[in-house]
>>> print(open('final-v8.pdb').read())   # PDB, C-alpha atoms
MODEL        1
ATOM      1  CA  MET A  27     -30.358  14.268 -13.310
ATOM      2  CA  ASP A  28     -28.111  17.320 -13.358
ATOM      3  CA  TYR A  29     -27.323  16.794  -9.658
ATOM      4  CA  LEU A  30     -26.288  13.182 -10.281
ATOM      5  CA  THR A  31     -24.073  14.158 -13.206
ATOM      6  CA  ASN A  32     -22.443  16.900 -11.148
ATOM      7  CA  LEU A  33     -21.916  14.499  -8.234
ATOM      8  CA  MET A  34     -20.324  11.863 -10.474
ATOM      9  CA  ALA A  35     -17.995  14.470 -11.993
ATOM     10  CA  THR A  36     -16.995  15.693  -8.526
ATOM     11  CA  VAL A  37     -16.301  12.170  -7.288
ATOM     12  CA  ALA A  38     -14.312  11.311 -10.422
ATOM     13  CA  GLY A  39     -12.267  14.490  -9.995
ATOM     14  CA  ASP A  40     -11.580  13.718  -6.343
ATOM     15  CA  VAL A  41     -10.525  10.155  -7.155
ATOM     16  CA  TRP A  42      -8.204  11.397  -9.900
ATOM     17  CA  THR A  43      -6.674  13.993  -7.553
ATOM     18  CA  THR A  44      -6.074  11.320  -4.928
ATOM     19  CA  ILE A  45      -4.400   9.038  -7.464
ATOM     20  CA  LEU A  46      -2.208  11.898  -8.693
ATOM     21  CA  HIS A  47      -1.062  12.674  -5.158
ATOM     22  CA  ASN A  48      -0.470   9.057  -4.122
ATOM     23  CA  TRP A  49       0.852   7.380  -7.280
ATOM     24  CA  PRO A  50       4.500   7.169  -6.135
ATOM     25  CA  TYR A  51       3.486   5.323  -2.955
ATOM     26  CA  LEU A  52       1.110   3.057  -4.810
ATOM     27  CA  LEU A  53       3.737   2.226  -7.432
ATOM     28  CA  LEU A  54       6.369   1.526  -4.776
ATOM     29  CA  SER A  55       3.917  -0.708  -2.921
ATOM     30  CA  VAL A  56       3.102  -2.696  -6.042
ATOM     31  CA  ILE A  57       6.798  -3.149  -6.838
ATOM     32  CA  LEU A  58       7.666  -4.218  -3.273
ATOM     33  CA  ALA A  59       4.726  -6.608  -3.087
ATOM     34  CA  SER A  60       5.724  -8.130  -6.426
ATOM     35  CA  LEU A  61       9.323  -8.573  -5.304
ATOM     36  CA  VAL A  62       8.225 -10.234  -2.072
ATOM     37  CA  GLN A  63       5.901 -12.578  -3.987
ATOM     38  CA  VAL A  64       8.579 -13.548  -6.513
ATOM     39  CA  TYR A  65      11.732 -13.753  -4.398
ATOM     40  CA  LEU A  66      10.640 -14.679  -0.855
ATOM     41  CA  ARG A  67       9.118 -17.993   0.048
ATOM     42  CA  PRO A  68       6.197 -17.577   2.477
ATOM     43  CA  ASP A  69       7.616 -20.043   4.996
ATOM     44  CA  ARG A  70      10.968 -18.240   5.055
ATOM     45  CA  LEU A  71       9.352 -14.830   5.568
ATOM     46  CA  SER A  72       7.074 -16.234   8.249
ATOM     47  CA  THR A  73      10.015 -17.746  10.118
ATOM     48  CA  TRP A  74      11.965 -14.483   9.901
ATOM     49  CA  LEU A  75       9.024 -12.419  11.192
ATOM     50  CA  ARG A  76       8.351 -14.845  14.059
ATOM     51  CA  ARG A  77      11.962 -14.557  15.203
ATOM     52  CA  ARG A  78      11.802 -10.751  15.065
ATOM     53  CA  VAL A  79       8.364  -9.962  16.440
ATOM     54  CA  TRP A  80       9.278  -6.426  17.451
ATOM     55  CA  VAL A  81      10.389  -5.645  13.885
ATOM     56  CA  ALA A  82       7.120  -7.001  12.515
ATOM     57  CA  VAL A  83       5.078  -4.939  14.982
ATOM     58  CA  LEU A  84       7.045  -1.743  14.322
ATOM     59  CA  ALA A  85       6.798  -2.227  10.565
ATOM     60  CA  ALA A  86       3.041  -2.793  10.783
ATOM     61  CA  VAL A  87       2.594   0.314  12.918
ATOM     62  CA  ALA A  88       4.731   2.395  10.558
ATOM     63  CA  LEU A  89       2.869   1.159   7.497
ATOM     64  CA  GLY A  90      -0.472   1.845   9.118
ATOM     65  CA  ALA A  91       0.448   5.286  10.408
ATOM     66  CA  LEU A  92       2.581   6.674   7.595
ATOM     67  CA  THR A  93       0.962   5.372   4.432
ATOM     68  CA  PRO A  94      -2.374   6.066   2.786
ATOM     69  CA  PHE A  95      -3.310   2.401   3.281
ATOM     70  CA  CYS A  96      -4.715   3.134   6.737
ATOM     71  CA  SER A  97      -7.619   4.957   5.144
TER      72      SER A  97
ENDMDL
END
>>> encode(input="final-v8.pdb", output="structure tokens")
Amino acid sequence: MDYLTNLMATVAGDVWTTILHNWPYLLLSVILASLVQVYLRPDRLSTWLRRRVWVAVLAAVALGALTPFCS
């Protein structure tokens, strides 16, 4: 039982450390996602992305490579 308690404490500490290091990115992501949901109609965004495929691909690559969301 002591091993399980120690493991849970270690995992909780690691999760907290990760949140502390990534909170600005997570907060920015939540704000941007909220703004997109409120102010952009899905059909308008879809049309814009279809006309600019290279922008959509580059943005997806950048988000996947440079943010913690890829993990």
>>> residues_near_point(input="final-v8.pdb", point="(5.9, -12.2, 6.6)", cutoff="12 Å", atoms="all atoms listed in the file", output="JSON, numbers by chain")
{"A": [59, 62, 63, 66, 67, 68, 69, 70, 71, 72, 73, 74, 75, 76, 77, 78, 79, 81, 82, 83, 85, 86]}
>>> atom_distance(input="final-v8.pdb", atom1="atom CA of Leu92 of chain A", atom2="atom CA of Tyr51 of chain A")
10.7 Å
>>> atom_distance(input="final-v8.pdb", atom1="atom CA of His47 of chain A", atom2="atom CA of Leu33 of chain A")
21.2 Å
>>> atom_distance(input="final-v8.pdb", atom1="atom CA of Leu53 of chain A", atom2="atom CA of Thr36 of chain A")
24.7 Å
